[in-house]
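A.B. asks: File model-v3.cif below, mmCIF, C-alpha atoms:
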```cif
data_upload
#
loop_
_atom_site.group_PDB
_atom_site.id
_atom_site.type_symbol
_atom_site.label_atom_id
_atom_site.label_comp_id
_atom_site.auth_asym_id
_atom_site.auth_seq_id
_atom_site.Cartn_x
_atom_site.Cartn_y
_atom_site.Cartn_z
ATOM 1 C CA MET A 1 198.564 -91.897 86.444
ATOM 2 C CA PRO A 2 195.370 -92.583 84.446
ATOM 3 C CA ARG A 3 193.741 -95.928 85.029
ATOM 4 C CA VAL A 4 190.745 -97.911 83.775
ATOM 5 C CA GLU A 5 188.798 -100.613 85.582
ATOM 6 C CA PHE A 6 186.771 -103.326 83.869
ATOM 7 C CA ASP A 7 183.744 -104.870 85.578
ATOM 8 C CA GLU A 8 184.667 -108.223 84.034
ATOM 9 C CA GLU A 9 181.454 -109.991 85.005
ATOM 10 C CA ARG A 10 179.474 -107.583 82.781
ATOM 11 C CA CYS A 11 181.834 -107.858 79.798
ATOM 12 C CA LYS A 12 180.651 -109.813 76.753
ATOM 13 C CA GLY A 13 183.976 -109.776 74.946
ATOM 14 C CA CYS A 14 182.598 -107.898 71.929
ATOM 15 C CA GLY A 15 185.967 -106.220 71.321
ATOM 16 C CA LEU A 16 184.681 -102.716 70.539
ATOM 17 C CA CYS A 17 186.951 -101.211 73.229
ATOM 18 C CA VAL A 18 189.887 -103.125 71.748
ATOM 19 C CA SER A 19 189.180 -101.584 68.335
ATOM 20 C CA VAL A 20 188.934 -97.945 69.506
ATOM 21 C CA CYS A 21 191.813 -97.713 72.019
ATOM 22 C CA PRO A 22 194.273 -95.180 70.531
ATOM 23 C CA GLN A 23 197.122 -96.675 72.600
ATOM 24 C CA LYS A 24 196.261 -100.254 71.527
ATOM 25 C CA ILE A 25 196.638 -101.505 75.085
ATOM 26 C CA ILE A 26 193.297 -103.340 75.464
ATOM 27 C CA ALA A 27 192.946 -107.031 74.617
ATOM 28 C CA LEU A 28 190.524 -109.860 75.316
ATOM 29 C CA GLN A 29 191.940 -112.085 78.065
ATOM 30 C CA LYS A 30 191.950 -115.437 76.332
ATOM 31 C CA ASP A 31 193.063 -117.255 79.469
ATOM 32 C CA LYS A 32 190.061 -116.031 81.459
ATOM 33 C CA LEU A 33 186.299 -116.683 81.332
ATOM 34 C CA ASN A 34 183.566 -114.844 83.212
ATOM 35 C CA SER A 35 180.394 -116.555 84.436
ATOM 36 C CA LYS A 36 178.624 -115.734 81.147
ATOM 37 C CA GLY A 37 181.347 -117.667 79.303
ATOM 38 C CA PHE A 38 182.987 -114.682 77.615
ATOM 39 C CA HIS A 39 186.655 -113.711 77.528
ATOM 40 C CA PRO A 40 186.571 -110.325 79.286
ATOM 41 C CA ALA A 41 188.562 -107.384 77.944
ATOM 42 C CA GLY A 42 191.433 -106.020 79.991
ATOM 43 C CA VAL A 43 194.355 -103.631 79.784
ATOM 44 C CA VAL A 44 197.713 -105.127 78.882
ATOM 45 C CA ASP A 45 199.912 -102.141 79.708
ATOM 46 C CA MET A 46 198.214 -99.776 82.180
ATOM 47 C CA ASP A 47 201.232 -97.422 82.301
ATOM 48 C CA ARG A 48 200.445 -96.292 78.748
ATOM 49 C CA CYS A 49 196.766 -95.503 79.461
ATOM 50 C CA THR A 50 195.950 -91.821 78.889
ATOM 51 C CA GLY A 51 192.467 -91.927 80.419
ATOM 52 C CA CYS A 52 190.899 -90.708 77.164
ATOM 53 C CA THR A 53 187.570 -92.551 77.902
ATOM 54 C CA MET A 54 187.159 -93.782 74.311
ATOM 55 C CA CYS A 55 186.852 -97.415 75.477
ATOM 56 C CA ALA A 56 184.226 -96.523 78.072
ATOM 57 C CA THR A 57 182.271 -94.424 75.559
ATOM 58 C CA ILE A 58 181.940 -97.219 72.987
ATOM 59 C CA CYS A 59 181.331 -100.015 75.542
ATOM 60 C CA PRO A 60 177.729 -101.228 75.040
ATOM 61 C CA ASP A 61 177.577 -102.848 78.467
ATOM 62 C CA VAL A 62 178.917 -99.931 80.521
ATOM 63 C CA VAL A 63 181.695 -102.126 81.877
ATOM 64 C CA ILE A 64 184.479 -99.556 82.155
ATOM 65 C CA THR A 65 185.317 -96.926 84.785
ATOM 66 C CA VAL A 66 188.048 -94.416 83.934
ATOM 67 C CA TYR A 67 190.215 -92.530 86.455
ATOM 68 C CA ARG A 68 192.462 -89.647 85.551
ATOM 69 C CA MET B 1 193.140 -89.164 90.639
ATOM 70 C CA LYS B 2 189.394 -88.910 90.265
ATOM 71 C CA PRO B 3 186.857 -90.900 88.277
ATOM 72 C CA VAL B 4 186.148 -89.236 84.908
ATOM 73 C CA PHE B 5 183.843 -91.930 83.568
ATOM 74 C CA THR B 6 181.586 -93.975 85.832
ATOM 75 C CA ARG B 7 178.421 -95.991 85.339
ATOM 76 C CA THR B 8 175.553 -93.499 85.504
ATOM 77 C CA THR B 9 172.991 -93.692 88.292
ATOM 78 C CA GLY B 10 170.336 -93.379 85.572
ATOM 79 C CA LEU B 11 170.837 -97.094 84.899
ATOM 80 C CA THR B 12 170.025 -99.906 87.309
ATOM 81 C CA ASP B 13 172.680 -102.476 88.231
ATOM 82 C CA LYS B 14 171.065 -105.173 86.114
ATOM 83 C CA PRO B 15 173.358 -106.321 83.276
ATOM 84 C CA PHE B 16 171.929 -105.812 79.757
ATOM 85 C CA HIS B 17 170.659 -108.970 78.058
ATOM 86 C CA TYR B 18 171.634 -107.724 74.575
ATOM 87 C CA CYS B 19 173.986 -109.639 72.283
ATOM 88 C CA PRO B 20 177.728 -108.821 72.457
ATOM 89 C CA GLY B 21 178.476 -105.597 70.593
ATOM 90 C CA CYS B 22 174.829 -104.496 70.266
ATOM 91 C CA THR B 23 174.742 -100.709 70.465
ATOM 92 C CA HIS B 24 171.409 -100.586 72.314
ATOM 93 C CA GLY B 25 173.544 -100.463 75.474
ATOM 94 C CA ILE B 26 175.288 -97.261 74.357
ATOM 95 C CA ILE B 27 171.930 -95.625 73.610
ATOM 96 C CA HIS B 28 170.544 -96.695 76.998
ATOM 97 C CA ARG B 29 173.556 -95.150 78.694
ATOM 98 C CA LEU B 30 173.216 -91.856 76.795
ATOM 99 C CA ILE B 31 169.529 -91.466 77.676
ATOM 100 C CA ALA B 32 170.239 -92.353 81.322
ATOM 101 C CA GLU B 33 173.150 -89.912 81.532
ATOM 102 C CA VAL B 34 171.096 -87.078 80.043
ATOM 103 C CA MET B 35 168.261 -87.713 82.513
ATOM 104 C CA VAL B 36 170.713 -87.559 85.418
ATOM 105 C CA GLU B 37 172.518 -84.470 84.101
ATOM 106 C CA MET B 38 169.226 -82.635 83.551
ATOM 107 C CA GLY B 39 167.965 -83.663 87.004
ATOM 108 C CA ILE B 40 164.808 -85.233 85.572
ATOM 109 C CA LEU B 41 165.355 -88.874 86.555
ATOM 110 C CA ASP B 42 162.695 -88.696 89.283
ATOM 111 C CA THR B 43 160.101 -87.053 87.060
ATOM 112 C CA THR B 44 160.572 -89.026 83.852
ATOM 113 C CA ILE B 45 158.291 -91.827 82.707
ATOM 114 C CA GLY B 46 159.631 -93.982 79.880
ATOM 115 C CA VAL B 47 157.614 -96.260 77.620
ATOM 116 C CA SER B 48 159.192 -99.588 76.672
ATOM 117 C CA PRO B 49 158.472 -101.077 73.242
ATOM 118 C CA VAL B 50 158.197 -104.610 71.927
ATOM 119 C CA GLY B 51 161.355 -105.980 70.355
ATOM 120 C CA CYS B 52 164.843 -106.602 71.697
ATOM 121 C CA THR B 53 164.385 -103.778 74.211
ATOM 122 C CA TYR B 54 161.008 -105.027 75.465
ATOM 123 C CA ASN B 55 162.316 -105.187 79.039
ATOM 124 C CA ASN B 56 164.371 -102.010 79.158
ATOM 125 C CA TYR B 57 162.139 -101.026 82.078
ATOM 126 C CA GLU B 58 164.571 -103.231 84.009
ATOM 127 C CA TYR B 59 167.519 -101.038 83.001
ATOM 128 C CA PHE B 60 166.392 -97.415 83.308
ATOM 129 C CA ALA B 61 166.273 -96.097 86.869
ATOM 130 C CA CYS B 62 163.261 -93.878 86.085
ATOM 131 C CA ASP B 63 159.619 -94.982 86.048
ATOM 132 C CA MET B 64 158.746 -97.108 83.036
ATOM 133 C CA VAL B 65 155.613 -98.520 81.392
ATOM 134 C CA GLN B 66 155.412 -101.326 78.843
ATOM 135 C CA ALA B 67 153.285 -100.660 75.759
ATOM 136 C CA ALA B 68 151.736 -103.053 73.264
ATOM 137 C CA HIS B 69 153.687 -103.502 70.038
ATOM 138 C CA GLY B 70 154.096 -100.152 68.280
ATOM 139 C CA ARG B 71 151.717 -98.330 70.620
ATOM 140 C CA ALA B 72 154.321 -96.572 72.760
ATOM 141 C CA PRO B 73 153.482 -93.094 71.351
ATOM 142 C CA ALA B 74 149.782 -93.651 72.150
ATOM 143 C CA VAL B 75 150.601 -94.765 75.690
ATOM 144 C CA GLY B 76 153.068 -91.880 76.007
ATOM 145 C CA THR B 77 150.354 -89.467 74.842
ATOM 146 C CA ALA B 78 148.025 -90.622 77.606
ATOM 147 C CA ILE B 79 150.708 -90.413 80.300
ATOM 148 C CA LYS B 80 151.788 -86.934 79.235
ATOM 149 C CA ARG B 81 148.210 -85.598 79.070
ATOM 150 C CA VAL B 82 147.402 -86.947 82.525
ATOM 151 C CA HIS B 83 150.752 -85.928 83.994
ATOM 152 C CA PRO B 84 151.812 -82.845 82.031
ATOM 153 C CA ASP B 85 154.525 -82.002 84.553
ATOM 154 C CA ASN B 86 156.323 -85.287 84.012
ATOM 155 C CA MET B 87 158.804 -85.925 81.213
ATOM 156 C CA VAL B 88 157.742 -88.776 78.918
ATOM 157 C CA PHE B 89 159.879 -90.632 76.409
ATOM 158 C CA THR B 90 159.313 -93.666 74.224
ATOM 159 C CA TYR B 91 162.124 -96.008 73.222
ATOM 160 C CA GLN B 92 161.287 -97.872 70.050
ATOM 161 C CA GLY B 93 163.003 -100.004 67.452
ATOM 162 C CA ASP B 94 162.338 -99.993 63.726
ATOM 163 C CA GLY B 95 160.080 -103.050 63.812
ATOM 164 C CA ASP B 96 158.042 -101.419 66.553
ATOM 165 C CA LEU B 97 157.931 -97.849 65.257
ATOM 166 C CA ALA B 98 158.227 -98.112 61.477
ATOM 167 C CA ALA B 99 156.086 -101.210 60.926
ATOM 168 C CA ILE B 100 153.253 -102.065 63.317
ATOM 169 C CA GLY B 101 153.473 -98.679 65.051
ATOM 170 C CA ALA B 102 153.701 -96.482 61.931
ATOM 171 C CA ALA B 103 150.226 -95.047 62.497
ATOM 172 C CA GLU B 104 150.807 -94.214 66.151
ATOM 173 C CA ILE B 105 154.068 -92.358 65.586
ATOM 174 C CA VAL B 106 152.703 -90.362 62.643
ATOM 175 C CA HIS B 107 149.621 -89.218 64.552
ATOM 176 C CA ALA B 108 151.486 -88.510 67.797
ATOM 177 C CA ALA B 109 153.845 -86.298 65.789
ATOM 178 C CA ALA B 110 150.991 -84.683 63.842
ATOM 179 C CA ARG B 111 149.160 -83.860 67.068
ATOM 180 C CA GLY B 112 152.362 -82.351 68.408
ATOM 181 C CA GLU B 113 152.279 -84.440 71.564
ATOM 182 C CA LYS B 114 154.812 -83.097 74.009
ATOM 183 C CA ILE B 115 156.757 -86.339 74.300
ATOM 184 C CA SER B 116 160.209 -87.415 73.106
ATOM 185 C CA THR B 117 160.705 -90.519 70.989
ATOM 186 C CA PHE B 118 164.032 -92.312 70.672
ATOM 187 C CA PHE B 119 163.843 -94.400 67.523
ATOM 188 C CA VAL B 120 166.564 -97.014 67.183
ATOM 189 C CA ASN B 121 167.059 -98.055 63.567
ATOM 190 C CA ASN B 122 169.180 -101.110 62.824
ATOM 191 C CA ALA B 123 167.559 -102.010 59.492
ATOM 192 C CA VAL B 124 166.379 -105.437 60.617
ATOM 193 C CA TYR B 125 164.026 -107.210 63.018
ATOM 194 C CA GLY B 126 166.384 -108.169 65.815
ATOM 195 C CA MET B 127 164.388 -110.056 68.420
ATOM 196 C CA THR B 128 162.474 -112.287 66.021
ATOM 197 C CA SER B 129 165.724 -113.443 64.358
ATOM 198 C CA GLY B 130 166.564 -111.111 61.530
ATOM 199 C CA GLN B 131 163.582 -110.756 59.213
ATOM 200 C CA MET B 132 163.316 -107.847 56.750
ATOM 201 C CA ALA B 133 162.110 -104.628 58.374
ATOM 202 C CA PRO B 134 160.546 -101.545 56.712
ATOM 203 C CA THR B 135 163.983 -99.970 57.160
ATOM 204 C CA THR B 136 165.967 -102.810 55.541
ATOM 205 C CA LEU B 137 168.249 -101.438 52.818
ATOM 206 C CA VAL B 138 167.829 -102.280 49.137
ATOM 207 C CA GLY B 139 169.982 -105.342 48.480
ATOM 208 C CA GLN B 140 170.334 -106.219 52.169
ATOM 209 C CA VAL B 141 170.149 -109.938 52.894
ATOM 210 C CA THR B 142 167.828 -110.958 55.737
ATOM 211 C CA THR B 143 166.115 -114.229 56.607
ATOM 212 C CA THR B 144 163.015 -113.151 54.646
ATOM 213 C CA SER B 145 164.928 -111.489 51.805
ATOM 214 C CA PRO B 146 167.584 -114.163 51.258
ATOM 215 C CA PHE B 147 168.554 -112.776 47.835
ATOM 216 C CA GLY B 148 168.760 -109.205 49.104
ATOM 217 C CA ARG B 149 165.836 -106.763 49.273
ATOM 218 C CA ARG B 150 164.476 -106.226 45.761
ATOM 219 C CA PRO B 151 162.529 -102.960 45.317
ATOM 220 C CA GLU B 152 160.254 -104.465 42.640
ATOM 221 C CA PHE B 153 159.201 -107.216 45.038
ATOM 222 C CA GLU B 154 159.698 -105.945 48.591
ATOM 223 C CA GLY B 155 159.567 -102.193 48.002
ATOM 224 C CA TYR B 156 161.812 -99.471 49.385
ATOM 225 C CA PRO B 157 163.037 -98.605 52.875
ATOM 226 C CA ILE B 158 161.170 -95.942 54.858
ATOM 227 C CA ASN B 159 163.162 -92.889 55.941
ATOM 228 C CA VAL B 160 161.226 -92.189 59.107
ATOM 229 C CA SER B 161 162.942 -88.944 60.139
ATOM 230 C CA GLU B 162 162.319 -87.336 56.752
ATOM 231 C CA MET B 163 158.686 -88.482 56.870
ATOM 232 C CA ILE B 164 158.028 -87.214 60.414
ATOM 233 C CA ALA B 165 159.764 -83.915 59.618
ATOM 234 C CA THR B 166 157.007 -83.078 57.120
ATOM 235 C CA LEU B 167 154.481 -82.851 59.977
ATOM 236 C CA ARG B 168 153.953 -79.451 61.599
ATOM 237 C CA GLY B 169 153.505 -80.924 65.075
ATOM 238 C CA ALA B 170 157.033 -82.332 64.996
ATOM 239 C CA VAL B 171 159.232 -79.589 66.393
ATOM 240 C CA TYR B 172 162.580 -81.348 66.522
ATOM 241 C CA VAL B 173 163.692 -84.327 64.420
ATOM 242 C CA GLU B 174 167.312 -85.419 64.089
ATOM 243 C CA ARG B 175 169.105 -88.542 62.890
ATOM 244 C CA VAL B 176 172.318 -89.520 64.682
ATOM 245 C CA ALA B 177 174.525 -92.613 64.950
ATOM 246 C CA VAL B 178 176.530 -94.371 67.658
ATOM 247 C CA ASN B 179 179.414 -95.745 65.599
ATOM 248 C CA ASP B 180 182.319 -93.774 67.073
ATOM 249 C CA PHE B 181 183.319 -91.297 69.775
ATOM 250 C CA ALA B 182 182.351 -88.163 67.820
ATOM 251 C CA HIS B 183 178.976 -89.495 66.698
ATOM 252 C CA ILE B 184 178.170 -90.791 70.192
ATOM 253 C CA SER B 185 178.822 -87.286 71.577
ATOM 254 C CA LYS B 186 176.508 -85.812 68.934
ATOM 255 C CA ALA B 187 173.865 -88.409 69.733
ATOM 256 C CA LYS B 188 173.941 -87.415 73.393
ATOM 257 C CA LYS B 189 173.509 -83.752 72.485
ATOM 258 C CA ALA B 190 170.516 -84.658 70.311
ATOM 259 C CA ILE B 191 168.925 -86.665 73.142
ATOM 260 C CA ARG B 192 169.394 -83.710 75.491
ATOM 261 C CA LYS B 193 167.860 -81.359 72.937
ATOM 262 C CA ALA B 194 164.834 -83.628 72.529
ATOM 263 C CA PHE B 195 164.236 -83.582 76.288
ATOM 264 C CA ARG B 196 164.755 -79.795 76.361
ATOM 265 C CA VAL B 197 162.157 -79.320 73.607
ATOM 266 C CA GLN B 198 159.712 -81.300 75.722
ATOM 267 C CA GLN B 199 160.655 -79.439 78.894
ATOM 268 C CA GLU B 200 159.922 -76.138 77.131
ATOM 269 C CA GLY B 201 156.572 -77.525 75.969
ATOM 270 C CA LEU B 202 157.335 -76.839 72.317
ATOM 271 C CA GLY B 203 155.909 -80.040 70.844
ATOM 272 C CA PHE B 204 156.915 -83.470 69.585
ATOM 273 C CA SER B 205 160.592 -84.379 69.416
ATOM 274 C CA MET B 206 162.204 -87.452 67.892
ATOM 275 C CA VAL B 207 165.796 -88.623 67.627
ATOM 276 C CA GLU B 208 166.470 -91.463 65.183
ATOM 277 C CA ILE B 209 169.586 -93.341 66.246
ATOM 278 C CA LEU B 210 171.325 -95.641 63.760
ATOM 279 C CA SER B 211 172.333 -98.810 65.561
ATOM 280 C CA THR B 212 173.881 -102.201 64.787
ATOM 281 C CA CYS B 213 172.676 -105.788 64.958
ATOM 282 C CA PRO B 214 175.840 -107.909 64.732
ATOM 283 C CA THR B 215 173.932 -111.162 65.331
ATOM 284 C CA ASN B 216 171.381 -110.755 62.562
ATOM 285 C CA TRP B 217 173.663 -108.913 60.160
ATOM 286 C CA GLY B 218 176.057 -111.861 60.447
ATOM 287 C CA LYS B 219 179.012 -109.593 61.166
ATOM 288 C CA ASP B 220 181.314 -109.167 64.123
ATOM 289 C CA PRO B 221 180.700 -106.057 66.273
ATOM 290 C CA VAL B 222 183.555 -104.024 64.768
ATOM 291 C CA ALA B 223 182.602 -104.930 61.179
ATOM 292 C CA SER B 224 179.001 -104.009 62.023
ATOM 293 C CA LEU B 225 180.032 -100.455 62.900
ATOM 294 C CA ARG B 226 181.903 -100.216 59.570
ATOM 295 C CA TRP B 227 178.851 -101.513 57.677
ATOM 296 C CA MET B 228 176.698 -98.909 59.380
ATOM 297 C CA GLU B 229 179.030 -96.177 58.108
ATOM 298 C CA ASP B 230 179.435 -97.627 54.626
ATOM 299 C CA ALA B 231 175.880 -98.719 53.860
ATOM 300 C CA MET B 232 173.403 -97.182 56.296
ATOM 301 C CA PHE B 233 174.766 -93.626 56.164
ATOM 302 C CA LYS B 234 173.984 -93.537 52.415
ATOM 303 C CA GLN B 235 170.345 -94.507 52.832
ATOM 304 C CA TYR B 236 169.921 -92.642 56.122
ATOM 305 C CA PRO B 237 171.911 -89.386 56.016
ATOM 306 C CA LEU B 238 172.643 -87.940 59.454
ATOM 307 C CA GLY B 239 171.447 -84.473 60.324
ATOM 308 C CA VAL B 240 168.689 -82.285 61.712
ATOM 309 C CA TYR B 241 165.472 -82.640 59.723
ATOM 310 C CA ARG B 242 163.332 -80.312 61.802
ATOM 311 C CA GLY B 243 164.251 -77.645 64.311
ATOM 312 C CA GLN B 244 167.663 -76.474 63.044
ATOM 313 C CA GLU B 245 166.936 -73.010 64.387
ATOM 314 C CA LEU B 246 165.884 -74.214 67.846
ATOM 315 C CA GLU B 247 168.020 -73.010 70.712
ATOM 316 C CA VAL B 248 167.045 -74.905 73.826
#
```
Kindly transcribe the structure held in the file into structure tokens.

C.D. replies:
Amino acid sequence: MPRVEFDEERCKGCGLCVSVCPQKIIALQKDKLNSKGFHPAGVVDMDRCTGCTMCATICPDVVITVYR
Amino acid sequence: MKPVFTRTTGLTDKPFHYCPGCTHGIIHRLIAEVMVEMGILDTTIGVSPVGCTYNNYEYFACDMVQAAHGRAPAVGTAIKRVHPDNMVFTYQGDGDLAAIGAAEIVHAAARGEKISTFFVNNAVYGMTSGQMAPTTLVGQVTTTSPFGRRPEFEGYPINVSEMIATLRGAVYVERVAVNDFAHISKAKKAIRKAFRVQQEGLGFSMVEILSTCPTNWGKDPVASLRWMEDAMFKQYPLGVYRGQELEV
């Protein structure tokens, strides 16, 4: 089962991963703040992740690790 | 299940200080990944510029040197001539390379220095808060062109890749972008090719990478990528300007 991990402390909540995810399963976690004060991105429905790496490729802060 | 995308060892653990959505981070990652994949991380010396990326020596896991504003190609020239067996790259923005450092880049290319330059063009001065750059598009609003850049008053943007490609010492010149998955893959190939040209001792190589500046463009990160495609691609067409026939 493919899986992605977000290093939430590095995330700046820019939303680029949200915009490129073909499965539309990434969202900014509005109920969470990291120590920089950003809402980190996270996966809403991991079961639908295909491990395509598009989120990790566009991420400017190299936050995402993808397993497949 | 195995990891198919992990943070490259070509980058240090230090988090980038760039604004949210700034594509400098993608470009850093690509250069770092190529250095690791080519096995040249231990023998590469990078030259940091002045601008938003002034302290990228903190982020690359190779050896780095900081140059005075615009003088990275001159510093890179010296390093490469003293240490010809080391790989040398400069990382420069458009304020650094196309404005104050215009002379250095032209002459380094004309001399055919065996270094690689990664030129990040986001059409604005980022670090100093969004003033007009030599690469600012006609009509583009910046803090020093509040009515949009007017050619009759502020002149025209400089297409650096086209200019450098006219010099015989420049062996490989390509313009790429980092706006989506396909273009990011192409950008990585171009970065690898630039390093390969240097490794083969063929001459000067430069990759111009179109980048965004959400903060100073006044757009959100996603809209910035769209603006790059819609506006910047017209003024700065992507493609290989020198070295199409090279197979390295």

A.B. asks: Grab the atom CA of Cys49 of chain A to atom CA of Gln23 of chain A distance for me, in Å with one decimal place.

C.D. replies: 7.0 Å

A.B. asks: Please report, as a tab-separated table, each residue of chain A lying at most 10 Å from chain B, together with the nearest pair of atoms and the separation in Å rounded to one decimal; use only C-alpha atoms, and order rows by chain and ascending residue number.

C.D. replies:
```
residue	atom	partner	partner_atom	distance
A:Met1	CA	B:Met1	CA	7.4
A:Pro2	CA	B:Met1	CA	7.4
A:Arg3	CA	B:Met1	CA	8.8
A:Val4	CA	B:Phe5	CA	9.1
A:Glu5	CA	B:Thr6	CA	9.8
A:Glu9	CA	B:Pro15	CA	9.1
A:Arg10	CA	B:Pro15	CA	6.3
A:Cys11	CA	B:Pro20	CA	8.5
A:Lys12	CA	B:Pro20	CA	5.3
A:Gly13	CA	B:Pro20	CA	6.8
A:Cys14	CA	B:Gly21	CA	4.9
A:Gly15	CA	B:Pro221	CA	7.3
A:Leu16	CA	B:Val222	CA	6.0
A:Cys17	CA	B:Val222	CA	9.5
A:Val18	CA	B:Val222	CA	9.5
A:Ser19	CA	B:Val222	CA	7.1
A:Val20	CA	B:Asp180	CA	8.2
A:Phe38	CA	B:Pro20	CA	9.4
A:Gly51	CA	B:Val4	CA	8.2
A:Cys52	CA	B:Val4	CA	9.2
A:Thr53	CA	B:Phe5	CA	6.8
A:Met54	CA	B:Phe181	CA	6.4
A:Cys55	CA	B:Phe181	CA	9.1
A:Ala56	CA	B:Phe5	CA	7.2
A:Thr57	CA	B:Phe181	CA	6.7
A:Ile58	CA	B:Ile26	CA	6.8
A:Cys59	CA	B:Ile26	CA	6.7
A:Pro60	CA	B:Gly25	CA	4.3
A:Asp61	CA	B:Gly25	CA	5.6
A:Val62	CA	B:Arg7	CA	6.2
A:Val63	CA	B:Arg7	CA	7.8
A:Ile64	CA	B:Thr6	CA	7.3
A:Thr65	CA	B:Thr6	CA	4.9
A:Val66	CA	B:Phe5	CA	4.9
A:Tyr67	CA	B:Pro3	CA	4.2
A:Arg68	CA	B:Met1	CA	5.2
```

A.B. asks: Output C-alpha atoms of each residue in that selection to a file, as a compact mmCIF listing (two decimals), in the frame of the given file.

C.D. replies:
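Written out: out-v8.txt:
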```
# COMPACT_ATOMS: atom_id res chain seq x y z
CA MET A 1 198.56 -91.90 86.44
CA PRO A 2 195.37 -92.58 84.45
CA ARG A 3 193.74 -95.93 85.03
CA VAL A 4 190.74 -97.91 83.78
CA GLU A 5 188.80 -100.61 85.58
CA GLU A 9 181.45 -109.99 85.00
CA ARG A 10 179.47 -107.58 82.78
CA CYS A 11 181.83 -107.86 79.80
CA LYS A 12 180.65 -109.81 76.75
CA GLY A 13 183.98 -109.78 74.95
CA CYS A 14 182.60 -107.90 71.93
CA GLY A 15 185.97 -106.22 71.32
CA LEU A 16 184.68 -102.72 70.54
CA CYS A 17 186.95 -101.21 73.23
CA VAL A 18 189.89 -103.12 71.75
CA SER A 19 189.18 -101.58 68.33
CA VAL A 20 188.93 -97.94 69.51
CA PHE A 38 182.99 -114.68 77.61
CA GLY A 51 192.47 -91.93 80.42
CA CYS A 52 190.90 -90.71 77.16
CA THR A 53 187.57 -92.55 77.90
CA MET A 54 187.16 -93.78 74.31
CA CYS A 55 186.85 -97.42 75.48
CA ALA A 56 184.23 -96.52 78.07
CA THR A 57 182.27 -94.42 75.56
CA ILE A 58 181.94 -97.22 72.99
CA CYS A 59 181.33 -100.02 75.54
CA PRO A 60 177.73 -101.23 75.04
CA ASP A 61 177.58 -102.85 78.47
CA VAL A 62 178.92 -99.93 80.52
CA VAL A 63 181.70 -102.13 81.88
CA ILE A 64 184.48 -99.56 82.16
CA THR A 65 185.32 -96.93 84.78
CA VAL A 66 188.05 -94.42 83.93
CA TYR A 67 190.22 -92.53 86.46
CA ARG A 68 192.46 -89.65 85.55
```

A.B. asks: Could you tell me which residues the PyMOL selection byres ((chain B and resi 132) around 10) returns for this structure, as a list in words?

C.D. replies: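 On the file shown, the PyMOL selection byres ((chain B and resi 132) around 10) covers Gly95, Ala123, Val124, Tyr125, Gly126, Ser129, Gly130, Gln131, Ala133, Pro134, Thr135, Thr136, Leu137, Gln140, Val141, Thr142, Thr143, Thr144, Ser145, Pro146, Gly148, Arg149 and Glu154 of chain B.
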
A.B. asks: As an exercise, work out the distance from atom CA of Lys193 of chain B to atom CA of Lys80 of chain B in Å and give it to one decimal place.

C.D. replies: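 Atom-to-atom, atom CA of Lys193 of chain B to atom CA of Lys80 of chain B, that is 18.1 Å.
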
A.B. asks: Given the PyMOL selection byres ((chain A and resi 42) around 7) and the file above, list the residues it selects as a PyMOL selection string.

C.D. replies: chain A and resi 6+26-29+40-41+43-44

A.B. asks: Could you tell me how far atom CA of Cys213 of chain B sits from atom CA of Ala74 of chain B, in Å to one decimal place?

C.D. replies: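 Going from atom CA of Ala74 of chain B over to atom CA of Cys213 of chain B, I get 26.9 Å.
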
A.B. asks: Taking only C-alpha atoms into account, which of B:Ala194, B:Val240, B:Ile79, B:Ala170 comes nearest Ala108 of chain B?

C.D. replies: B:Ala170

A.B. asks: Name the residues captured by the PyMOL selection byres ((chain B and resi 86) around 7) when it is applied to the shown file; answer as a short mmCIF file (atom, residue, chain, number, x, y, z; two decimals) with C-alpha atoms, in the coordinates of the input.

C.D. replies:
```cif
data_model
loop_
_atom_site.label_atom_id
_atom_site.label_comp_id
_atom_site.auth_asym_id
_atom_site.auth_seq_id
_atom_site.Cartn_x
_atom_site.Cartn_y
_atom_site.Cartn_z
CA THR B 43 160.10 -87.05 87.06
CA THR B 44 160.57 -89.03 83.85
CA ILE B 45 158.29 -91.83 82.71
CA LYS B 80 151.79 -86.93 79.24
CA HIS B 83 150.75 -85.93 83.99
CA PRO B 84 151.81 -82.84 82.03
CA ASP B 85 154.52 -82.00 84.55
CA MET B 87 158.80 -85.92 81.21
CA VAL B 88 157.74 -88.78 78.92
#
```

A.B. asks: Could you pull segment 109-115 of chain B out of the structure just shown and give N, CA and C atoms as a PDB file, in the first residue's frame?

C.D. replies:
```pdb
ATOM      1  N   ALA B 109      31.921  33.011 -19.692  1.00  0.00           N
ATOM      2  CA  ALA B 109      31.419  32.211 -20.810  1.00  0.00           C
ATOM      3  C   ALA B 109      32.306  32.376 -22.038  1.00  0.00           C
ATOM      4  N   ALA B 110      32.740  33.619 -22.311  1.00  0.00           N
ATOM      5  CA  ALA B 110      33.580  33.871 -23.479  1.00  0.00           C
ATOM      6  C   ALA B 110      34.928  33.163 -23.367  1.00  0.00           C
ATOM      7  N   ARG B 111      35.453  33.106 -22.142  1.00  0.00           N
ATOM      8  CA  ARG B 111      36.730  32.409 -21.939  1.00  0.00           C
ATOM      9  C   ARG B 111      36.551  30.901 -21.962  1.00  0.00           C
ATOM     10  N   GLY B 112      35.311  30.458 -21.929  1.00  0.00           N
ATOM     11  CA  GLY B 112      35.052  29.017 -21.920  1.00  0.00           C
ATOM     12  C   GLY B 112      35.509  28.349 -20.648  1.00  0.00           C
ATOM     13  N   GLU B 113      35.342  29.050 -19.532  1.00  0.00           N
ATOM     14  CA  GLU B 113      35.730  28.463 -18.236  1.00  0.00           C
ATOM     15  C   GLU B 113      34.969  27.162 -18.024  1.00  0.00           C
ATOM     16  N   LYS B 114      35.650  26.185 -17.524  1.00  0.00           N
ATOM     17  CA  LYS B 114      35.019  24.866 -17.370  1.00  0.00           C
ATOM     18  C   LYS B 114      34.271  24.771 -16.044  1.00  0.00           C
ATOM     19  N   ILE B 115      33.281  25.656 -15.913  1.00  0.00           N
ATOM     20  CA  ILE B 115      32.417  25.660 -14.727  1.00  0.00           C
ATOM     21  C   ILE B 115      30.962  25.583 -15.199  1.00  0.00           C
TER      22      ILE B 115
END
```
